[in-house]
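A.B. asks: For reference, the file final13.csv (CSV, C-alpha atoms) is included below:
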```
chain,number,residue,atom,x,y,z
A,886,MET,CA,0.0,0.0,0.0
A,887,ILE,CA,1.6,3.3,-1.2
A,888,VAL,CA,-0.1,6.6,-0.6
A,889,LYS,CA,1.3,10.2,-0.6
A,890,ASN,CA,1.2,12.0,2.7
A,891,THR,CA,2.7,15.3,1.6
A,892,VAL,CA,0.8,18.3,2.9
A,893,SER,CA,0.0,20.8,0.2
A,894,PRO,CA,1.6,24.3,0.6
A,895,CYS,CA,-1.8,26.0,1.1
A,896,TRP,CA,-2.2,24.2,4.4
A,897,LEU,CA,1.0,25.8,5.6
A,898,ALA,CA,-0.3,29.3,5.1
A,899,SER,CA,-0.4,31.8,8.0
A,900,GLY,CA,-3.2,31.6,10.5
A,901,ALA,CA,-4.8,34.8,9.2
A,902,GLU,CA,-4.8,33.6,5.6
A,903,LEU,CA,-6.3,30.2,6.6
A,904,ASP,CA,-8.9,31.9,8.7
A,905,ARG,CA,-10.0,34.2,5.9
A,906,ALA,CA,-10.1,31.3,3.4
A,907,ALA,CA,-12.1,29.1,5.8
A,908,GLY,CA,-14.6,31.9,6.4
A,909,ARG,CA,-15.1,32.5,2.7
A,910,ALA,CA,-15.5,28.7,2.0
A,911,ALA,CA,-18.1,28.5,4.9
A,912,GLU,CA,-19.9,31.5,3.4
A,913,ILE,CA,-20.1,29.8,0.0
A,914,LEU,CA,-21.4,26.6,1.4
A,915,SER,CA,-23.9,28.0,3.9
A,916,GLY,CA,-25.5,29.9,1.1
A,917,SER,CA,-25.2,27.3,-1.6
A,918,PRO,CA,-28.3,26.9,-3.8
A,919,VAL,CA,-27.0,23.6,-5.2
A,920,PRO,CA,-26.3,20.1,-3.7
A,921,VAL,CA,-23.1,19.4,-1.9
A,922,PHE,CA,-21.3,16.1,-1.3
A,923,PHE,CA,-17.9,15.1,0.2
A,924,ARG,CA,-15.8,12.1,-1.1
A,925,ALA,CA,-12.7,10.7,0.7
A,926,ASP,CA,-10.3,8.6,-1.4
A,927,ASP,CA,-7.7,6.0,-0.7
A,928,LEU,CA,-9.4,4.3,2.2
A,929,GLY,CA,-7.9,1.0,3.4
A,930,ALA,CA,-5.7,1.1,6.4
A,931,PRO,CA,-6.8,2.7,9.7
A,932,GLY,CA,-4.8,5.6,11.0
A,933,GLY,CA,-5.0,8.6,13.2
A,934,ASN,CA,-6.0,11.0,10.4
A,935,CYS,CA,-8.6,8.6,9.1
A,936,ARG,CA,-10.3,8.4,12.5
A,937,ARG,CA,-10.1,12.1,12.9
A,938,MET,CA,-11.8,12.6,9.5
A,939,LEU,CA,-14.6,10.1,10.4
A,940,ASP,CA,-15.1,11.9,13.8
A,941,ALA,CA,-15.4,15.3,12.1
A,942,PHE,CA,-18.2,14.1,9.7
A,943,ARG,CA,-20.0,12.2,12.4
A,944,GLU,CA,-20.0,15.1,14.8
A,945,ARG,CA,-21.5,17.4,12.2
A,946,SER,CA,-23.9,14.7,10.8
A,947,VAL,CA,-22.6,15.3,7.3
A,948,PRO,CA,-22.6,12.3,4.9
A,949,LEU,CA,-19.2,11.1,3.6
A,950,HIS,CA,-18.5,8.9,0.6
A,951,LEU,CA,-15.6,6.6,1.4
A,952,ALA,CA,-13.7,5.2,-1.6
A,953,ALA,CA,-11.9,2.1,-0.4
A,954,THR,CA,-9.2,0.4,-2.4
A,955,PRO,CA,-10.1,-3.3,-2.2
A,956,ALA,CA,-6.6,-4.8,-2.1
A,957,TRP,CA,-5.7,-2.6,0.8
A,958,LEU,CA,-8.7,-3.6,3.0
A,959,THR,CA,-8.7,-6.7,5.2
A,960,PRO,CA,-11.4,-8.0,7.5
A,961,ALA,CA,-9.4,-6.8,10.5
A,962,ARG,CA,-8.9,-3.3,9.1
A,963,TRP,CA,-12.6,-3.2,8.2
A,964,GLU,CA,-13.6,-4.0,11.8
A,965,VAL,CA,-11.6,-1.0,13.0
A,966,LEU,CA,-12.9,1.4,10.4
A,967,ARG,CA,-16.5,0.2,11.0
A,968,ALA,CA,-16.1,0.7,14.7
A,969,TRP,CA,-14.8,4.2,14.3
A,970,ALA,CA,-17.6,5.1,11.9
A,971,GLY,CA,-20.3,3.8,14.1
A,972,GLU,CA,-23.8,3.0,13.0
A,973,ASP,CA,-24.8,6.4,11.8
A,974,ASP,CA,-26.4,6.5,8.4
A,975,LEU,CA,-23.8,8.8,7.0
A,976,TRP,CA,-21.4,6.6,5.1
A,977,CYS,CA,-21.3,5.5,1.5
A,978,TRP,CA,-18.5,2.8,1.5
A,979,HIS,CA,-17.7,2.1,-2.2
A,980,GLN,CA,-15.0,0.9,-4.6
A,981,HIS,CA,-11.8,2.8,-5.5
A,982,GLY,CA,-10.3,0.6,-8.2
A,983,TRP,CA,-8.6,-2.6,-7.2
A,984,ARG,CA,-5.0,-2.1,-6.2
A,985,HIS,CA,-4.6,1.6,-7.0
A,986,LEU,CA,-1.8,0.8,-9.5
A,987,ASN,CA,-0.9,2.7,-12.6
A,988,HIS,CA,-0.9,0.4,-15.7
A,989,GLN,CA,-0.1,3.1,-18.3
A,990,ALA,CA,3.3,2.9,-20.0
A,991,GLU,CA,3.2,6.6,-20.7
A,992,GLY,CA,1.0,9.6,-20.3
A,993,LYS,CA,-1.4,10.2,-17.4
A,994,LYS,CA,-1.8,7.6,-14.7
A,995,SER,CA,-4.7,5.2,-14.8
A,996,GLU,CA,-5.5,1.8,-13.3
A,997,PHE,CA,-8.2,1.2,-15.9
A,998,GLY,CA,-6.8,2.8,-18.9
A,999,PRO,CA,-6.3,2.0,-22.6
A,1000,ASP,CA,-3.1,-0.1,-22.0
A,1001,ARG,CA,-5.1,-2.9,-20.5
A,1002,THR,CA,-7.1,-5.7,-22.2
A,1003,ASP,CA,-10.8,-6.1,-21.8
A,1004,ASP,CA,-10.3,-9.3,-19.7
A,1005,GLU,CA,-7.8,-7.5,-17.4
A,1006,LEU,CA,-10.3,-4.6,-16.9
A,1007,ARG,CA,-13.2,-6.9,-16.1
A,1008,ALA,CA,-11.1,-9.2,-13.9
A,1009,ASP,CA,-9.8,-6.4,-11.6
A,1010,LEU,CA,-13.2,-4.6,-11.4
A,1011,THR,CA,-14.8,-7.9,-10.4
A,1012,ARG,CA,-12.1,-8.8,-7.9
A,1013,GLY,CA,-12.5,-5.4,-6.3
A,1014,ARG,CA,-16.3,-5.6,-6.1
A,1015,ASP,CA,-16.4,-9.1,-4.7
A,1016,ARG,CA,-13.7,-8.4,-2.1
A,1017,LEU,CA,-15.4,-5.3,-0.8
A,1018,ALA,CA,-18.8,-7.0,-0.8
A,1019,ALA,CA,-17.4,-10.0,1.1
A,1020,ILE,CA,-15.6,-7.8,3.7
A,1021,MET,CA,-18.2,-5.0,4.1
A,1022,GLY,CA,-21.4,-7.0,3.6
A,1023,ASP,CA,-24.5,-4.8,3.5
A,1024,ALA,CA,-22.4,-1.7,4.0
A,1025,PHE,CA,-20.9,-1.9,0.5
A,1026,ARG,CA,-22.5,0.4,-2.1
A,1027,PRO,CA,-22.1,-0.3,-5.8
A,1028,VAL,CA,-20.5,3.1,-6.6
A,1029,PHE,CA,-17.2,3.3,-8.4
A,1030,THR,CA,-14.5,5.9,-8.0
A,1031,PRO,CA,-11.5,5.2,-10.3
A,1032,PRO,CA,-8.0,6.0,-9.1
A,1033,TRP,CA,-6.7,9.2,-10.6
A,1034,ASN,CA,-10.4,9.9,-11.6
A,1035,ARG,CA,-10.1,8.5,-15.1
A,1036,ILE,CA,-11.1,5.4,-17.0
A,1037,ASP,CA,-11.1,4.0,-20.5
A,1038,PRO,CA,-14.4,4.1,-22.5
A,1039,ARG,CA,-14.6,0.3,-22.2
A,1040,VAL,CA,-15.0,0.5,-18.4
A,1041,GLY,CA,-18.5,2.0,-18.2
A,1042,PRO,CA,-20.3,-0.9,-19.9
A,1043,ILE,CA,-18.4,-3.4,-17.7
A,1044,LEU,CA,-19.4,-1.5,-14.6
A,1045,MET,CA,-23.1,-1.6,-15.7
A,1046,ASP,CA,-22.7,-5.4,-16.3
A,1047,LEU,CA,-21.3,-5.8,-12.7
A,1048,GLY,CA,-24.3,-3.9,-11.2
A,1049,PHE,CA,-22.8,-0.6,-10.4
A,1050,THR,CA,-25.3,2.3,-10.1
A,1051,ALA,CA,-23.0,5.4,-10.2
A,1052,VAL,CA,-19.5,6.6,-10.9
A,1053,SER,CA,-17.7,9.6,-9.4
A,1054,ARG,CA,-14.8,11.1,-11.3
A,1055,SER,CA,-13.4,14.6,-11.7
A,1056,SER,CA,-15.4,17.3,-13.4
A,1057,GLY,CA,-14.9,17.2,-17.1
A,1058,GLU,CA,-14.1,13.5,-17.4
A,1059,ASP,CA,-17.7,12.8,-18.6
A,1060,GLU,CA,-17.0,14.9,-21.7
A,1061,LYS,CA,-13.7,13.0,-22.4
A,1062,VAL,CA,-15.2,9.5,-21.7
A,1063,PRO,CA,-19.0,9.5,-21.6
A,1064,LEU,CA,-20.7,6.7,-19.6
A,1065,PRO,CA,-23.5,4.5,-20.8
A,1066,PRO,CA,-27.1,5.8,-20.3
A,1067,GLY,CA,-28.3,4.7,-16.9
A,1068,LEU,CA,-24.9,5.0,-15.2
A,1069,PRO,CA,-24.7,8.6,-13.8
A,1070,ASP,CA,-21.4,10.3,-13.2
A,1071,ILE,CA,-21.4,12.5,-10.1
A,1072,PRO,CA,-18.1,14.4,-10.2
A,1073,ILE,CA,-15.9,16.1,-7.7
A,1074,ASN,CA,-14.9,19.7,-8.6
A,1075,VAL,CA,-13.2,20.9,-5.4
A,1076,ASP,CA,-9.8,19.4,-4.5
A,1077,LEU,CA,-8.8,20.0,-0.9
A,1078,HIS,CA,-5.6,18.1,-0.4
A,1079,THR,CA,-3.7,17.2,-3.6
A,1080,ARG,CA,-3.1,20.8,-4.6
A,1081,ARG,CA,0.2,21.7,-6.3
A,1082,GLU,CA,0.4,25.5,-6.1
A,1083,PRO,CA,3.8,26.3,-4.5
A,1084,ASP,CA,2.6,29.5,-3.0
A,1085,PRO,CA,0.2,29.0,-0.1
A,1086,ALA,CA,-1.9,32.2,-0.8
A,1087,GLU,CA,-2.2,31.2,-4.4
A,1088,GLY,CA,-3.4,27.7,-3.4
A,1089,LEU,CA,-6.0,29.0,-1.1
A,1090,GLY,CA,-7.2,31.5,-3.7
A,1091,ARG,CA,-7.6,28.8,-6.3
A,1092,LEU,CA,-9.3,26.6,-3.9
A,1093,LEU,CA,-11.9,29.2,-3.2
A,1094,MET,CA,-12.3,29.7,-6.9
A,1095,GLU,CA,-13.1,26.0,-7.3
A,1096,PHE,CA,-15.8,26.3,-4.6
A,1097,GLU,CA,-17.4,29.3,-6.5
A,1098,ARG,CA,-17.2,27.7,-9.9
A,1099,ALA,CA,-18.7,24.5,-8.5
A,1100,VAL,CA,-21.7,26.4,-7.2
A,1101,ASP,CA,-22.1,28.1,-10.6
A,1102,GLY,CA,-21.9,24.7,-12.2
A,1103,GLY,CA,-24.8,23.3,-10.3
A,1104,ARG,CA,-23.2,20.9,-7.7
A,1105,VAL,CA,-20.3,21.0,-5.2
A,1106,GLY,CA,-18.3,17.8,-5.0
A,1107,VAL,CA,-15.4,18.0,-2.5
A,1108,MET,CA,-12.5,15.5,-2.6
A,1109,LEU,CA,-10.5,14.7,0.5
A,1110,HIS,CA,-7.3,12.7,1.1
A,1111,HIS,CA,-7.0,12.3,4.8
A,1112,GLN,CA,-3.3,11.1,4.7
A,1113,ARG,CA,-2.4,14.6,3.4
A,1114,MET,CA,-4.2,16.6,6.1
A,1115,ASN,CA,-2.6,18.6,8.9
A,1116,ASP,CA,-4.2,20.5,11.8
A,1117,ALA,CA,-4.9,23.5,9.5
A,1118,ALA,CA,-6.7,21.3,6.9
A,1119,PHE,CA,-8.8,19.7,9.6
A,1120,ALA,CA,-9.8,23.2,11.0
A,1121,PHE,CA,-10.7,24.3,7.5
A,1122,LEU,CA,-12.8,21.2,6.9
A,1123,ASP,CA,-14.7,21.6,10.2
A,1124,ARG,CA,-15.7,25.1,9.2
A,1125,CYS,CA,-16.9,23.8,5.9
A,1126,LEU,CA,-18.9,20.9,7.5
A,1127,ALA,CA,-20.4,23.3,10.1
A,1128,ALA,CA,-21.6,25.6,7.3
A,1129,ALA,CA,-22.9,22.7,5.2
A,1130,ALA,CA,-24.8,21.2,8.1
A,1131,GLY,CA,-26.2,24.5,9.5
A,1132,PRO,CA,-29.7,25.9,9.2
A,1133,GLY,CA,-30.5,26.9,5.7
A,1134,GLY,CA,-27.5,25.0,4.4
A,1135,PRO,CA,-27.4,23.1,1.1
A,1136,GLU,CA,-28.9,19.8,0.2
A,1137,LEU,CA,-26.4,17.1,1.2
A,1138,LEU,CA,-26.2,14.6,-1.6
A,1139,ARG,CA,-25.7,10.8,-1.3
A,1140,LEU,CA,-24.2,9.1,-4.4
A,1141,ASP,CA,-25.9,5.9,-3.6
A,1142,ARG,CA,-29.3,7.6,-3.6
A,1143,ALA,CA,-28.9,10.1,-6.4
```
Take the structure I supplied and represent it as structure tokens, if you would.

C.D. replies:
Amino acid sequence: MIVKNTVSPCWLASGAELDRAAGRAAEILSGSPVPVFFRADDLGAPGGNCRRMLDAFRERSVPLHLAATPAWLTPARWEVLRAWAGEDDLWCWHQHGWRHLNHQAEGKKSEFGPDRTDDELRADLTRGRDRLAAIMGDAFRPVFTPPWNRIDPRVGPILMDLGFTAVSRSSGEDEKVPLPPGLPDIPINVDLHTRREPDPAEGLGRLLMEFERAVDGGRVGVMLHHQRMNDAAFAFLDRCLAAAAGPGGPELLRLDRA
């Protein structure tokens, strides 16, 4: 299991910059006229940040979509994660690829890209679905989030054959690789933790622009990576959750019920 835990520069900004950004994000969310959802990727191994993230969503009663990488999850790890999550009806535990491995010889990374055969694609999608269903039982939801948020056009029909009911990628991927009718794509369009802007102020500014553009686009989908969060990122997230859950806040979307 290999995941990045580098904290993006924006979460190293000054306290004043972070406070202003959090206030603006909360303002956007509290007055959002469009649905909002949150998706956390790269679930598999329990850890301190993972528990802290689950606690944050549970304390604010905000739904969270948990994209679990099947090869990383074991029955023992699931017992811990499930105990931390509790029995609240907040969680959409779903599939995040199979092993989160890049299979492209060149170009952008993808686990389910054009360099793989039809049989390889179907086999890994099936392995992942079956493993999560066996470990999670009734908690598993047939929603698919691809690693790196991209797939080959052949993947959509396979997902439908396997009984998946929704896909969540990055905004704009539906135009590059449309999905079959009957398989909705519910994209993320705000990236909290894998930001690459070297300047903290620039990163926070662009993050707020993503929130604003998401509202203008008709839905806010926020992507989290708990391994890359620090105290500042958690404080920012809590302000967002408080705003989303507050009186007059937005509709909180569930991918498994959309």

A.B. asks: May I ask which of the residues A:Leu1140, A:Leu1092, A:Val1107, A:Ala911 is the closest one to Trp978 (chain A), counting only C-alpha atoms?

C.D. replies: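 The closest residue to Trp978 (chain A) is A:Leu1140.
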
A.B. asks: I want to know what sits within 9 Å of region 1049-1053 of chain A, based on only C-alpha atoms, with residues of the same chain fewer than 3 positions away left out; could you give that as a PyMOL selection string?

C.D. replies: chain A and resi 924+1026-1031+1034+1041+1043-1046+1056+1064+1067-1073+1140-1141+1143

A.B. asks: Using only C-alpha atoms, can you tell me which of A:Pro955, A:Gly1133, A:Pro1042, A:Pro960 comes closest to Leu986 (chain A)?

C.D. replies: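 Of all the options, A:Pro955 lies closest to Leu986 (chain A).
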
A.B. asks: Do you know which residues are at most 9 Å from His981 (chain A) counting only C-alpha atoms, after dropping those on the same chain fewer than 2 positions away, and could you put them as a ChimeraX atom specification?

C.D. replies: /A:926-928,951-955,979,983-985,1013,1028-1032

A.B. asks: Could you work out how far CA of Pro1132 (chain A) lies from CA of Asn1074 (chain A), giving the answer in Å with one decimal?

C.D. replies: 24.0 Å

A.B. asks: Quick check, in Å to one decimal: how far apart do CA of Val919 (chain A) and CA of Leu1077 (chain A) lie?

C.D. replies: 19.0 Å

A.B. asks: Determine the nearest neighbour of Ser899 (chain A) from the options A:Pro1085, A:Phe1096, A:Asn987, A:Ala930, counting all atoms listed in the file.

C.D. replies: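 Result for the nearest residue to Ser899 (chain A): A:Pro1085.
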
A.B. asks: Could you work out how far CA of Pro1038 (chain A) lies from CA of Gly998 (chain A), giving the answer in Å with one decimal?

C.D. replies: 8.5 Å

A.B. asks: For the point (-14.6, -7.8, -6.9) in file coordinates, what residues are within 10 Å, counting all atoms listed in the file? Give the answer as a list in words?

C.D. replies: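 Returned residue set, sorted by chain then number, is Pro955, Ala956, Gln980, Gly982, Trp983, Arg1007, Ala1008, Asp1009, Leu1010, Thr1011, Arg1012, Gly1013, Arg1014, Asp1015, Arg1016, Leu1017, Ala1018, Ala1019 and Leu1047 of chain A.
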
A.B. asks: Write out as a list of chain:residue names the residues lying within 9 Å of Arg967 (chain A), counting all atoms listed in the file and excluding same-chain residues fewer than 5 positions away.

C.D. replies: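 Answer for this query is A:Arg962, A:Glu972, A:Met1021.
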
A.B. asks: Can region 949-980 of chain A be brought up to N, CA and C atoms and written out as a JSON list (two decimals), in the coordinates of the input?

C.D. replies:
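To be explicit, this is the file written out as part36.json:
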```json
[["chain", "number", "residue", "atom", "x", "y", "z"],
["A", 949, "LEU", "N", -20.55, 11.21, 4.19],
["A", 949, "LEU", "CA", -19.20, 11.10, 3.60],
["A", 949, "LEU", "C", -19.17, 9.86, 2.71],
["A", 950, "HIS", "N", -18.63, 10.02, 1.51],
["A", 950, "HIS", "CA", -18.50, 8.90, 0.60],
["A", 950, "HIS", "C", -17.04, 8.42, 0.66],
["A", 951, "LEU", "N", -16.88, 7.18, 1.10],
["A", 951, "LEU", "CA", -15.60, 6.60, 1.40],
["A", 951, "LEU", "C", -15.16, 5.64, 0.34],
["A", 952, "ALA", "N", -14.19, 6.06, -0.48],
["A", 952, "ALA", "CA", -13.70, 5.20, -1.60],
["A", 952, "ALA", "C", -12.59, 4.35, -1.13],
["A", 953, "ALA", "N", -12.90, 3.07, -0.97],
["A", 953, "ALA", "CA", -11.90, 2.10, -0.40],
["A", 953, "ALA", "C", -11.26, 1.31, -1.50],
["A", 954, "THR", "N", -9.94, 1.21, -1.42],
["A", 954, "THR", "CA", -9.20, 0.40, -2.40],
["A", 954, "THR", "C", -9.23, -1.05, -1.91],
["A", 955, "PRO", "N", -9.86, -1.94, -2.68],
["A", 955, "PRO", "CA", -10.10, -3.30, -2.20],
["A", 955, "PRO", "C", -8.91, -4.08, -1.73],
["A", 956, "ALA", "N", -7.82, -4.02, -2.49],
["A", 956, "ALA", "CA", -6.60, -4.80, -2.10],
["A", 956, "ALA", "C", -6.01, -4.34, -0.84],
["A", 957, "TRP", "N", -6.30, -3.13, -0.40],
["A", 957, "TRP", "CA", -5.70, -2.60, 0.80],
["A", 957, "TRP", "C", -6.56, -3.01, 2.05],
["A", 958, "LEU", "N", -7.82, -3.38, 1.83],
["A", 958, "LEU", "CA", -8.70, -3.60, 3.00],
["A", 958, "LEU", "C", -8.68, -5.10, 3.35],
["A", 959, "THR", "N", -8.65, -5.34, 4.65],
["A", 959, "THR", "CA", -8.70, -6.70, 5.20],
["A", 959, "THR", "C", -9.89, -6.74, 6.18],
["A", 960, "PRO", "N", -10.37, -7.93, 6.54],
["A", 960, "PRO", "CA", -11.40, -8.00, 7.50],
["A", 960, "PRO", "C", -11.05, -7.31, 8.85],
["A", 961, "ALA", "N", -9.80, -7.45, 9.28],
["A", 961, "ALA", "CA", -9.40, -6.80, 10.50],
["A", 961, "ALA", "C", -9.41, -5.29, 10.41],
["A", 962, "ARG", "N", -8.92, -4.78, 9.29],
["A", 962, "ARG", "CA", -8.90, -3.30, 9.10],
["A", 962, "ARG", "C", -10.38, -2.82, 9.01],
["A", 963, "TRP", "N", -11.24, -3.58, 8.35],
["A", 963, "TRP", "CA", -12.60, -3.20, 8.20],
["A", 963, "TRP", "C", -13.31, -3.11, 9.61],
["A", 964, "GLU", "N", -13.01, -4.04, 10.48],
["A", 964, "GLU", "CA", -13.60, -4.00, 11.80],
["A", 964, "GLU", "C", -13.24, -2.71, 12.54],
["A", 965, "VAL", "N", -12.00, -2.28, 12.38],
["A", 965, "VAL", "CA", -11.60, -1.00, 13.00],
["A", 965, "VAL", "C", -12.29, 0.16, 12.41],
["A", 966, "LEU", "N", -12.30, 0.23, 11.07],
["A", 966, "LEU", "CA", -12.90, 1.40, 10.40],
["A", 966, "LEU", "C", -14.42, 1.43, 10.71],
["A", 967, "ARG", "N", -15.07, 0.28, 10.71],
["A", 967, "ARG", "CA", -16.50, 0.20, 11.00],
["A", 967, "ARG", "C", -16.79, 0.66, 12.42],
["A", 968, "ALA", "N", -15.94, 0.25, 13.34],
["A", 968, "ALA", "CA", -16.10, 0.70, 14.70],
["A", 968, "ALA", "C", -15.96, 2.17, 14.89],
["A", 969, "TRP", "N", -14.97, 2.72, 14.21],
["A", 969, "TRP", "CA", -14.80, 4.20, 14.30],
["A", 969, "TRP", "C", -15.94, 4.91, 13.66],
["A", 970, "ALA", "N", -16.49, 4.41, 12.56],
["A", 970, "ALA", "CA", -17.60, 5.10, 11.90],
["A", 970, "ALA", "C", -18.88, 5.02, 12.67],
["A", 971, "GLY", "N", -19.07, 3.92, 13.41],
["A", 971, "GLY", "CA", -20.30, 3.80, 14.10],
["A", 971, "GLY", "C", -21.46, 3.37, 13.23],
["A", 972, "GLU", "N", -22.65, 3.41, 13.76],
["A", 972, "GLU", "CA", -23.80, 3.00, 13.00],
["A", 972, "GLU", "C", -24.61, 4.08, 12.39],
["A", 973, "ASP", "N", -24.07, 5.30, 12.42],
["A", 973, "ASP", "CA", -24.80, 6.40, 11.80],
["A", 973, "ASP", "C", -24.99, 6.18, 10.31],
["A", 974, "ASP", "N", -26.12, 6.64, 9.81],
["A", 974, "ASP", "CA", -26.40, 6.50, 8.40],
["A", 974, "ASP", "C", -25.82, 7.63, 7.60],
["A", 975, "LEU", "N", -24.50, 7.72, 7.65],
["A", 975, "LEU", "CA", -23.80, 8.80, 7.00],
["A", 975, "LEU", "C", -22.87, 8.38, 5.89],
["A", 976, "TRP", "N", -22.58, 7.08, 5.84],
["A", 976, "TRP", "CA", -21.40, 6.60, 5.10],
["A", 976, "TRP", "C", -21.86, 5.90, 3.79],
["A", 977, "CYS", "N", -21.15, 6.21, 2.73],
["A", 977, "CYS", "CA", -21.30, 5.50, 1.50],
["A", 977, "CYS", "C", -19.94, 4.81, 1.18],
["A", 978, "TRP", "N", -19.76, 3.57, 1.69],
["A", 978, "TRP", "CA", -18.50, 2.80, 1.50],
["A", 978, "TRP", "C", -18.57, 2.22, 0.07],
["A", 979, "HIS", "N", -17.62, 2.59, -0.78],
["A", 979, "HIS", "CA", -17.70, 2.10, -2.20],
["A", 979, "HIS", "C", -16.30, 1.84, -2.72],
["A", 980, "GLN", "N", -16.23, 1.49, -3.99],
["A", 980, "GLN", "CA", -15.00, 0.90, -4.60],
["A", 980, "GLN", "C", -14.12, 1.95, -5.23]]
```
